[in-house]
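The data block below is query_6.txt; it holds compact mmCIF, C-alpha atoms.
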```txt
# COMPACT_ATOMS: atom_id res chain seq x y z
CA MET A 1 179.79 174.18 124.11
CA ARG A 2 182.00 176.41 122.05
CA LEU A 3 185.39 176.40 123.74
CA ALA A 4 186.78 179.49 122.15
CA ASP A 5 185.40 182.41 120.26
CA GLY A 6 185.77 181.94 116.57
CA THR A 7 188.95 183.34 115.25
CA LEU A 8 189.68 184.77 111.86
CA ALA A 9 192.94 183.49 110.45
CA GLY A 10 193.53 186.78 108.68
CA ARG A 11 192.20 190.30 108.60
CA ASP A 12 190.93 190.48 105.06
CA ALA A 13 187.63 189.36 103.60
CA SER A 14 189.08 186.03 102.49
CA ALA A 15 190.00 185.05 106.05
CA HIS A 16 189.27 181.52 107.17
CA TYR A 17 187.18 181.29 110.30
CA ARG A 18 188.01 178.65 112.91
CA GLU A 19 186.16 177.52 115.95
CA VAL A 20 186.59 174.63 118.32
CA THR A 21 183.68 172.74 119.82
CA GLU A 22 183.51 170.12 122.50
CA LEU A 23 181.13 167.36 121.44
CA THR A 24 178.55 167.25 124.17
CA LEU A 25 175.40 165.25 124.77
CA SER A 26 173.57 167.96 122.81
CA HIS A 27 175.64 167.15 119.73
CA VAL A 28 176.02 163.39 119.75
CA ALA A 29 174.08 162.08 122.78
CA LEU A 30 176.10 159.12 124.05
CA GLY A 31 177.53 158.23 120.67
CA GLY A 32 179.85 159.52 117.99
CA LEU A 33 179.63 162.28 115.46
CA THR A 34 176.94 161.81 112.82
CA GLU A 35 176.53 163.38 109.41
CA ALA A 36 173.79 165.64 110.67
CA ALA A 37 175.76 166.74 113.72
CA ALA A 38 178.87 167.39 111.63
CA MET A 39 176.90 169.52 109.19
CA GLU A 40 175.32 171.43 112.06
CA LEU A 41 178.74 172.23 113.51
CA VAL A 42 179.81 173.53 110.11
CA ALA A 43 176.55 175.46 109.72
CA ASN A 44 177.13 177.13 113.08
CA ALA A 45 180.60 178.23 111.99
CA HIS A 46 179.09 179.39 108.70
CA CYS A 47 176.57 181.56 110.52
CA HIS A 48 179.25 182.99 112.79
CA ARG A 49 181.53 183.75 109.82
CA LEU A 50 178.70 185.46 107.95
CA THR A 51 178.14 187.89 110.78
CA ALA A 52 181.70 188.22 112.14
CA GLY A 53 182.27 191.83 113.07
CA THR A 54 178.71 192.96 112.44
CA GLY A 55 177.66 192.90 116.08
CA HIS A 56 174.56 190.83 115.43
CA SER A 57 173.61 187.20 114.88
CA ILE A 58 172.38 185.57 111.70
CA ARG A 59 168.89 186.89 112.52
CA GLY A 60 170.24 190.42 112.00
CA ILE A 61 170.73 189.94 108.26
CA VAL A 62 168.02 191.86 106.44
CA ASP A 63 167.32 193.09 102.93
CA GLU A 64 166.82 196.71 101.87
CA ALA A 65 163.18 196.47 102.91
CA GLY A 66 164.14 195.32 106.40
CA ARG A 67 162.94 191.76 105.92
CA VAL A 68 164.93 189.04 107.68
CA VAL A 69 167.08 187.16 105.19
CA TYR A 70 168.55 183.73 105.80
CA PRO A 71 171.15 181.68 103.91
CA GLY A 72 169.24 178.58 102.82
CA TYR A 73 171.26 175.59 101.68
CA TYR A 74 170.66 174.25 98.19
CA TYR A 75 173.69 171.99 97.89
CA THR A 76 176.14 170.17 100.13
CA LYS A 77 178.89 167.69 99.47
CA LEU A 78 180.44 165.92 102.42
CA THR A 79 183.66 163.98 101.93
CA VAL A 80 185.08 161.85 104.72
CA PRO A 81 188.51 160.21 104.38
CA PRO A 82 188.12 156.47 105.13
CA ARG A 83 190.68 156.70 107.93
CA ARG A 84 188.82 159.64 109.53
CA LEU A 85 185.34 158.22 109.98
CA LEU A 86 182.94 160.66 111.59
CA GLY A 87 181.96 158.19 114.31
CA LEU A 88 185.51 158.19 115.64
CA HIS A 89 184.78 161.61 117.15
CA ARG A 90 183.04 160.68 120.41
CA VAL A 91 181.17 162.62 123.03
CA TRP A 92 183.50 164.95 125.00
CA ASP A 93 186.07 165.03 122.16
CA ARG A 94 187.02 168.41 120.75
CA VAL A 95 186.69 169.10 117.04
CA ALA A 96 187.83 172.08 115.04
CA VAL A 97 185.88 173.53 112.13
CA GLU A 98 187.60 175.88 109.75
CA ILE A 99 185.50 177.53 107.08
CA ASP A 100 186.06 179.76 104.08
CA VAL A 101 182.85 181.48 103.00
CA ARG A 102 182.71 183.27 99.66
CA ARG A 103 180.09 185.29 97.90
CA TYR A 104 179.04 184.39 94.38
CA GLY A 105 177.17 187.42 93.19
CA ALA A 106 174.89 189.26 95.58
CA LEU A 107 172.52 186.39 96.24
CA LEU A 108 174.65 183.26 96.41
CA LEU A 109 177.24 181.94 98.83
CA ALA A 110 179.69 179.08 98.57
CA SER A 111 181.80 177.66 101.33
CA ARG A 112 184.43 175.05 102.00
CA ALA A 113 184.79 173.79 105.54
CA THR A 114 187.09 171.28 107.13
CA LEU A 115 186.41 169.35 110.29
CA SER A 116 189.13 167.57 112.24
CA ALA A 117 190.12 166.59 115.74
CA ASP A 118 191.36 169.55 117.73
CA ALA A 119 194.84 168.47 118.67
CA PRO A 120 195.86 168.59 122.33
CA PRO A 121 198.53 171.19 123.14
CA ASP A 122 201.32 168.61 123.02
CA GLN A 123 200.52 167.65 119.42
CA SER A 124 200.99 169.78 116.38
CA ARG A 125 197.85 170.91 114.64
CA ASP A 126 199.29 169.65 111.39
CA SER A 127 198.82 166.01 112.33
CA ALA A 128 195.19 166.53 113.35
CA ASP A 129 194.39 168.67 110.33
CA ALA A 130 195.91 166.34 107.75
CA ASP A 131 193.31 164.78 105.51
CA PRO A 132 190.27 166.37 107.18
CA VAL A 133 186.58 165.91 106.59
CA ILE A 134 185.48 168.42 103.96
CA LEU A 135 182.06 169.97 103.47
CA LEU A 136 181.38 172.04 100.38
CA ALA A 137 178.14 173.97 100.59
CA CYS A 138 176.17 176.42 98.50
CA ASN A 139 173.54 178.79 99.82
CA SER A 140 171.18 181.38 98.50
CA PHE A 141 169.84 184.25 100.56
CA TYR A 142 166.07 183.97 100.91
CA VAL A 143 163.11 185.56 102.54
CA ASP A 144 160.12 183.38 103.32
CA HIS A 145 156.62 184.10 102.15
CA PRO A 146 153.38 182.70 103.54
CA GLY A 147 152.60 179.31 102.04
CA GLY A 148 156.21 178.16 101.98
CA GLU A 149 157.38 180.12 98.96
CA LYS A 150 160.92 181.45 99.15
CA GLU A 151 162.24 184.52 97.35
CA PRO A 152 165.97 184.91 96.66
CA VAL A 153 167.06 188.39 97.75
CA ALA A 154 170.28 190.26 98.31
CA PRO A 155 171.08 191.15 101.91
CA LYS A 156 171.51 194.79 102.79
CA PRO A 157 175.18 195.77 102.67
CA GLY A 158 176.64 195.94 106.14
CA THR A 159 174.39 193.29 107.60
CA VAL A 160 176.71 190.57 106.30
CA ALA A 161 180.44 190.41 106.97
CA ALA A 162 182.73 191.30 104.11
CA LEU A 163 183.33 188.19 102.04
CA ALA A 164 185.78 187.63 99.23
CA PRO A 165 184.42 186.61 95.82
CA LEU A 166 184.27 182.96 94.91
CA LYS A 167 186.35 183.45 91.79
CA ASP A 168 189.44 184.03 93.95
CA ALA A 169 189.02 180.83 96.00
CA PRO A 170 191.37 177.95 95.13
CA TRP A 171 188.39 175.60 95.44
CA GLY A 172 186.03 177.88 93.49
CA ARG A 173 185.93 175.64 90.44
CA ASP A 174 184.57 172.80 92.57
CA VAL A 175 181.32 174.66 93.13
CA GLN A 176 180.90 177.12 90.25
CA ASN A 177 178.89 174.56 88.35
CA VAL A 178 176.61 173.76 91.27
CA PRO A 179 173.69 175.95 90.14
CA ARG A 180 173.71 173.90 86.93
CA VAL A 181 173.90 170.62 88.89
CA PHE A 182 170.97 171.83 90.97
CA GLY A 183 168.91 172.85 87.95
CA ASP A 184 169.59 169.59 86.15
CA ALA A 185 168.65 167.55 89.22
CA GLN A 186 165.43 169.49 89.58
CA SER A 187 164.56 169.08 85.89
CA ARG A 188 165.44 165.38 85.69
CA GLY A 189 164.25 164.40 89.15
CA SER A 190 167.58 163.12 90.42
CA ILE A 191 171.14 164.15 91.07
CA ASP A 192 172.22 161.07 89.10
CA MET A 193 169.67 159.61 86.71
CA ALA A 194 172.24 157.26 85.18
CA PHE A 195 173.08 155.51 88.44
CA GLU A 196 172.13 151.84 88.38
CA GLY A 197 171.94 149.80 91.53
CA ASN A 198 172.41 146.08 91.85
CA LEU A 199 169.60 145.71 94.36
CA SER A 200 165.93 145.98 93.62
CA GLY A 201 163.51 147.44 96.09
CA GLU A 202 160.22 149.26 96.22
CA ASN A 203 159.49 152.92 96.78
CA LEU A 204 159.65 153.83 100.44
CA HIS A 205 157.23 155.97 102.41
CA TRP A 206 157.90 158.02 105.47
CA VAL A 207 156.12 160.75 107.43
CA PRO A 208 158.17 163.46 109.18
CA ARG A 209 157.00 164.40 112.65
CA PHE A 210 156.84 167.76 114.38
CA GLY A 211 158.92 167.71 117.52
CA HIS A 212 161.21 165.07 116.10
CA ASP A 213 162.17 165.81 112.50
CA MET A 214 161.31 169.50 112.61
CA PRO A 215 160.42 171.95 115.35
CA TRP A 216 156.72 172.71 115.67
CA GLY A 217 155.75 175.25 113.04
CA GLN A 218 159.13 175.09 111.28
CA HIS A 219 160.51 173.23 108.32
CA VAL A 220 163.04 170.42 108.32
CA ALA A 221 166.61 171.68 108.75
CA PHE A 222 168.92 170.87 105.85
CA SER A 223 171.19 168.80 108.08
CA HIS A 224 168.37 166.53 109.16
CA TYR A 225 167.87 165.31 105.62
CA ALA A 226 171.06 163.26 106.04
CA SER A 227 169.31 161.44 108.88
CA ILE A 228 166.19 161.04 106.77
CA CYS A 229 168.24 159.58 103.92
CA SER A 230 169.93 157.20 106.35
CA SER A 231 166.51 156.07 107.52
CA PHE A 232 165.44 155.46 103.93
CA GLU A 233 168.64 153.50 103.31
CA ARG A 234 167.99 151.37 106.37
CA ASP A 235 164.38 150.70 105.35
CA TYR A 236 165.55 149.87 101.86
CA LEU A 237 168.16 147.40 103.06
CA GLN A 238 165.64 145.72 105.32
CA SER A 239 163.06 145.56 102.53
CA ILE A 240 165.25 143.59 100.17
CA ALA A 241 164.11 140.05 99.81
CA ALA A 242 167.22 137.91 99.83
CA ALA A 243 168.35 134.52 100.98
CA ALA A 244 170.28 136.24 103.74
CA ALA A 245 168.51 139.02 105.63
CA PHE A 246 170.40 142.23 106.20
CA PRO A 247 172.01 142.13 109.67
CA THR A 248 170.50 145.23 111.25
CA ALA A 249 173.18 145.30 113.96
CA ALA A 250 175.70 146.22 111.24
CA LEU A 251 174.00 149.61 110.84
CA GLN A 252 175.66 150.71 114.06
CA TRP A 253 178.92 150.56 112.18
CA SER A 254 177.85 152.17 108.92
CA GLU A 255 179.76 155.33 108.15
CA THR A 256 179.38 157.88 105.40
CA LEU A 257 182.36 158.55 103.14
CA CYS A 258 180.62 160.88 100.73
CA ARG A 259 177.20 162.43 100.37
CA GLU A 260 176.24 164.95 97.72
CA THR A 261 172.79 166.44 98.10
CA VAL A 262 170.66 169.01 96.33
CA TYR A 263 167.86 170.52 98.42
CA CYS A 264 164.99 171.50 96.15
CA ALA A 265 161.99 172.12 98.40
CA THR A 266 161.16 172.34 102.04
CA VAL A 267 159.02 170.10 104.20
CA ALA A 268 156.99 171.80 106.89
CA GLU A 269 154.09 169.49 107.55
CA GLU A 270 153.44 165.95 108.64
CA SER A 271 152.61 164.68 105.19
CA PRO A 272 154.14 161.62 103.56
CA LEU A 273 157.37 161.62 101.62
CA VAL A 274 158.10 159.05 98.97
CA ALA A 275 161.63 157.96 98.20
CA ARG A 276 162.92 156.14 95.18
CA ALA A 277 166.11 154.43 96.27
CA ARG A 278 168.72 152.84 94.06
CA MET A 279 171.57 151.04 95.75
CA ARG A 280 174.67 149.16 94.77
CA VAL A 281 176.39 146.88 97.25
CA SER A 282 179.97 145.75 96.91
CA CYS A 283 182.13 143.38 98.94
CA ALA A 284 185.25 144.14 96.94
CA SER A 285 186.15 147.53 98.36
CA THR A 286 189.71 147.90 99.63
CA ARG A 287 189.43 151.30 101.24
CA PRO A 288 191.91 151.85 104.08
CA LEU A 289 189.91 152.02 107.28
CA PRO A 290 191.15 153.09 110.70
CA PRO A 291 193.03 150.45 112.71
CA GLY A 292 190.68 147.93 114.30
CA ARG A 293 187.96 148.20 111.69
CA GLN A 294 187.13 145.75 108.92
CA LEU A 295 185.20 146.69 105.83
CA ALA A 296 182.25 144.34 105.49
CA ALA A 297 180.42 146.10 102.67
CA GLU A 298 180.34 149.29 100.68
CA LEU A 299 177.00 150.82 99.78
CA GLU A 300 176.46 153.37 97.05
CA SER A 301 173.01 154.87 96.88
CA VAL A 302 170.96 157.51 95.15
CA ILE A 303 167.80 158.56 96.96
CA ASP A 304 165.27 160.89 95.40
CA VAL A 305 162.70 162.12 97.89
CA ARG A 306 159.40 163.63 96.79
CA ARG A 307 156.39 165.04 98.56
CA HIS A 308 153.59 162.55 98.10
CA SER A 309 150.98 165.31 98.04
CA ASP A 310 152.18 167.17 94.94
CA ASP A 311 155.11 165.06 93.64
CA THR A 312 157.56 167.92 94.22
CA LEU A 313 161.19 166.84 94.44
CA VAL A 314 162.35 167.65 97.97
CA LEU A 315 165.92 166.45 97.66
CA SER A 316 168.16 164.13 95.77
CA SER A 317 171.16 162.61 97.46
CA LYS A 318 174.00 160.41 96.32
CA ALA A 319 176.04 158.69 98.99
CA THR A 320 178.85 156.23 99.54
CA ARG A 321 178.83 154.46 102.88
CA VAL A 322 180.85 151.67 104.34
CA ILE A 323 180.03 149.14 107.00
CA ALA A 324 183.20 149.24 109.07
CA ILE A 325 182.88 146.62 111.78
CA PRO A 326 185.29 146.40 114.71
CA SER A 327 187.71 143.51 114.31
CA GLN A 328 186.61 141.82 117.51
CA LEU A 329 183.00 141.48 116.26
CA THR A 330 183.91 138.50 114.12
CA GLU A 331 180.46 136.97 113.94
CA LEU A 332 178.78 140.19 112.86
CA TYR A 333 181.46 140.76 110.26
CA GLU A 334 180.99 137.27 108.82
CA THR A 335 177.22 137.63 108.78
CA CYS A 336 177.50 140.94 106.99
CA ARG A 337 179.93 139.53 104.44
CA GLN A 338 177.59 136.63 103.75
CA TRP A 339 174.72 139.04 103.20
CA CYS A 340 176.85 141.19 100.97
CA THR A 341 177.96 138.21 98.89
CA ALA A 342 174.40 136.97 98.59
CA VAL A 343 172.95 140.24 97.31
CA SER A 344 175.76 141.71 95.25
CA MET B 1 181.54 199.18 77.27
CA THR B 2 178.71 200.32 75.01
CA ALA B 3 175.06 199.64 75.70
CA GLU B 4 175.00 197.16 72.83
CA GLN B 5 178.04 195.32 74.20
CA ILE B 6 176.36 195.13 77.59
CA ARG B 7 173.19 193.77 76.03
CA GLN B 8 175.15 191.16 74.08
CA THR B 9 177.00 190.07 77.21
CA VAL B 10 173.76 189.75 79.16
CA VAL B 11 172.22 187.65 76.37
CA ARG B 12 175.31 185.44 76.13
CA VAL B 13 175.31 184.73 79.85
CA LEU B 14 171.57 184.09 79.85
CA VAL B 15 171.93 181.59 77.02
CA GLU B 16 174.77 179.84 78.90
CA VAL B 17 172.52 179.31 81.90
CA ALA B 18 169.08 179.05 80.32
CA ARG B 19 167.08 175.97 79.46
CA PRO B 20 165.09 177.21 76.44
CA THR B 21 161.72 175.59 76.00
CA PRO B 22 161.28 173.41 72.91
CA GLY B 23 160.16 175.32 69.86
CA GLN B 24 161.09 178.65 71.38
CA ALA B 25 161.42 181.50 68.90
CA GLY B 26 164.45 183.80 68.74
CA ILE B 27 165.63 185.65 71.79
CA GLY B 28 164.95 189.38 71.92
CA GLY B 29 164.85 192.13 74.47
CA GLY B 30 161.23 191.38 75.24
CA THR B 31 161.85 187.70 75.86
CA THR B 32 160.94 186.91 79.42
CA LEU B 33 163.29 185.08 81.72
CA ALA B 34 160.53 182.56 82.32
CA GLU B 35 160.46 181.82 78.60
CA LEU B 36 164.15 181.01 78.85
CA GLY B 37 163.33 178.45 81.51
CA LEU B 38 165.17 180.39 84.19
CA ARG B 39 164.29 179.59 87.76
CA SER B 40 165.20 181.83 90.66
CA LEU B 41 168.46 180.03 91.39
CA ASP B 42 169.42 180.19 87.70
CA LEU B 43 168.86 183.92 87.81
CA ALA B 44 171.06 184.23 90.88
CA ASP B 45 173.69 182.31 88.90
CA VAL B 46 173.27 184.71 85.97
CA ILE B 47 173.71 187.66 88.30
CA ALA B 48 176.89 186.16 89.75
CA ARG B 49 178.31 185.57 86.27
CA LEU B 50 177.39 189.10 85.20
CA GLU B 51 179.16 190.50 88.23
CA MET B 52 182.31 188.74 87.02
CA GLU B 53 181.78 190.18 83.53
CA PHE B 54 181.03 193.76 84.60
CA ASP B 55 182.66 193.90 88.03
CA TYR B 56 179.39 195.43 89.19
CA ASP B 57 176.30 194.03 90.85
CA PRO B 58 173.13 196.15 90.81
CA PHE B 59 171.54 193.79 93.31
CA VAL B 60 174.01 194.94 95.93
CA GLU B 61 172.80 198.46 95.19
CA GLY B 62 169.20 197.57 95.95
CA ALA B 63 167.82 196.10 92.74
CA THR B 64 165.44 193.18 93.29
CA LEU B 65 164.58 190.12 91.26
CA ALA B 66 160.98 191.28 91.22
CA GLN B 67 162.05 194.12 88.91
CA VAL B 68 163.36 191.71 86.32
CA LYS B 69 160.89 190.11 83.93
CA THR B 70 162.55 190.43 80.54
CA ILE B 71 166.02 190.56 79.04
CA ASP B 72 165.61 194.32 78.60
CA ASP B 73 164.78 194.66 82.30
CA LEU B 74 167.97 192.84 83.23
CA THR B 75 170.13 194.72 80.74
CA SER B 76 168.88 198.07 81.97
CA LEU B 77 170.24 197.32 85.46
CA TYR B 78 173.78 197.21 84.07
CA LEU B 79 173.53 200.40 82.01
CA ARG B 80 175.13 202.96 84.28
```
Could you rewrite the structure in this file as structure tokens?
Amino acid sequence: MRLADGTLAGRDASAHYREVTELTLSHVALGGLTEAAAMELVANAHCHRLTAGTGHSIRGIVDEAGRVVYPGYYYTKLTVPPRRLLGLHRVWDRVAVEIDVRRYGALLLASRATLSADAPPDQSRDSADADPVILLACNSFYVDHPGGEKEPVAPKPGTVAALAPLKDAPWGRDVQNVPRVFGDAQSRGSIDMAFEGNLSGENLHWVPRFGHDMPWGQHVAFSHYASICSSFERDYLQSIAAAAAFPTAALQWSETLCRETVYCATVAEESPLVARARMRVSCASTRPLPPGRQLAAELESVIDVRRHSDDTLVLSSKATRVIAIPSQLTELYETCRQWCTAVS
Amino acid sequence: MTAEQIRQTVVRVLVEVARPTPGQAGIGGGTTLAELGLRSLDLADVIARLEMEFDYDPFVEGATLAQVKTIDDLTSLYLR
């Protein structure tokens, strides 16, 4: 449920857009905020910002020919401060998303969003907003063609809210090179070809399902790929032959600190995906976690996902995750440390 | 800005973004964007950079990527 209509922090085209959301069962079920749910909250604010003042929803954006145009994601980078783990935001908590959306030419968009706890009235917003979760994202406007092909197009003026140019954004330099990062990843087959893991595993296979991973007749939403990557990471960890088996219960406490992803192709059928995973495990991390959590292991991974049918790169994602186990779960912590020591 | 200056700017930006194919001959007005290894997102990047150069974007005015096959096609969009 959106608690308040989105508000623009200023009247000009560079205004930040802010909206507060109560985390309901629809967002997080009975648990805490996930990567996918966080990105969906930001994507909602993004859509609302894009059409603020136009009188229509995102479906009202069209090109000169009247075709419906949508802002497809081709890059995201999520950064989570170690003390602000996503999972700390639980069902029925209120979170605030503030987003700055910029245009980069007529066809591209870039945005920087923050996500933080929405402070109760008796607390200053400053304390809740300090050191927020940050999501950088890049989009291109597309129209879909039969067969899954996408064509970049410029939206018709007036169907998108006025947006300031990227060059004026303080964070603009962080994303101006993204089209190059995307192109290089597509050409080389990975967002980071040089990354070397310290675990060895086999290629992983997985089949997306209609009704679960994507709505019937639709393609997989960009945010869901974070869940898919997490599934690949889990399968990878469980596939590693080691003296000590990975303690699956520790996955409940795994949290993402950073994930950078390029989205190269869509998936709209129940056909197999193949992932090449590289992973590095470390027990030596000293990141400052929230009170009551102990860092049992840090996992860095690069996952390159391809369609098995035609070997097309679907996405490439580089992530840093921590297993942050509550202090009272001593046995699980020790088991996880032993596993980490054995494999790293 | 003269037509030649516009053409030179377009070529410079294209070369910054392009991934020329091995053994590719010199770049001329008839060189296709595909020959430069430009994919659709690269071209969107080129257009964004050209907007910063010229403070003008013909794609806001209704031009479409389908119109653009060669360097000359792209240059002509910025000749006002």
Subject >> Test item: chain B residues at most 9 Å from chain A, counting all atoms listed in the file, as a PyMOL selection string >> reply: chain B and resi 17+39-42+44-52+57-65
For the selection just defined, write its residues with C-alpha atoms to a file, as a compact mmCIF listing (two decimals), in the coordinates of the input.
```txt
# COMPACT_ATOMS: atom_id res chain seq x y z
CA VAL B 17 172.52 179.31 81.90
CA ARG B 39 164.29 179.59 87.76
CA SER B 40 165.20 181.83 90.66
CA LEU B 41 168.46 180.03 91.39
CA ASP B 42 169.42 180.19 87.70
CA ALA B 44 171.06 184.23 90.88
CA ASP B 45 173.69 182.31 88.90
CA VAL B 46 173.27 184.71 85.97
CA ILE B 47 173.71 187.66 88.30
CA ALA B 48 176.89 186.16 89.75
CA ARG B 49 178.31 185.57 86.27
CA LEU B 50 177.39 189.10 85.20
CA GLU B 51 179.16 190.50 88.23
CA MET B 52 182.31 188.74 87.02
CA ASP B 57 176.30 194.03 90.85
CA PRO B 58 173.13 196.15 90.81
CA PHE B 59 171.54 193.79 93.31
CA VAL B 60 174.01 194.94 95.93
CA GLU B 61 172.80 198.46 95.19
CA GLY B 62 169.20 197.57 95.95
CA ALA B 63 167.82 196.10 92.74
CA THR B 64 165.44 193.18 93.29
CA LEU B 65 164.58 190.12 91.26
```
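Candidate residues A:Ala43, A:Leu199, A:Ala169, A:Leu289 were compared for distance to Cys340 (chain A), and the nearest is A:Leu199, using all atoms listed in the file.
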Original post:
Counting all atoms listed in the file, which of A:Val302, A:Val20, A:Val68, A:Ile325 gets nearest to Asn44 (chain A)?
Top reply: A:Val20
Subject >> Distance query Gly31 (chain A) at most 12 Å, all atoms listed in the file, self and fewer than 6 positions along chain excluded, as a VMD selection string >> reply: chain A and resid 23 to 25 37 86 to 93 252 to 253
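Between CA of Val62 (chain A) and CA of Asp73 (chain B) lies a distance of 24.5 Å.
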Which protein, DNA or RNA residues are at most 12 Å from (173.0, 202.1, 72.8) in the file's coordinates when you count only C-alpha atoms, listed as a PDB file with C-alpha atoms, in the coordinates of the input?
```pdb
ATOM      1  CA  MET B   1     181.540 199.180  77.270  1.00  0.00           C
ATOM      2  CA  THR B   2     178.710 200.320  75.010  1.00  0.00           C
ATOM      3  CA  ALA B   3     175.060 199.640  75.700  1.00  0.00           C
ATOM      4  CA  GLU B   4     175.000 197.160  72.830  1.00  0.00           C
ATOM      5  CA  GLN B   5     178.040 195.320  74.200  1.00  0.00           C
ATOM      6  CA  ILE B   6     176.360 195.130  77.590  1.00  0.00           C
ATOM      7  CA  ARG B   7     173.190 193.770  76.030  1.00  0.00           C
ATOM      8  CA  GLN B   8     175.150 191.160  74.080  1.00  0.00           C
ATOM      9  CA  THR B  75     170.130 194.720  80.740  1.00  0.00           C
ATOM     10  CA  SER B  76     168.880 198.070  81.970  1.00  0.00           C
ATOM     11  CA  LEU B  79     173.530 200.400  82.010  1.00  0.00           C
ATOM     12  CA  ARG B  80     175.130 202.960  84.280  1.00  0.00           C
TER      13      ARG B  80
END
```
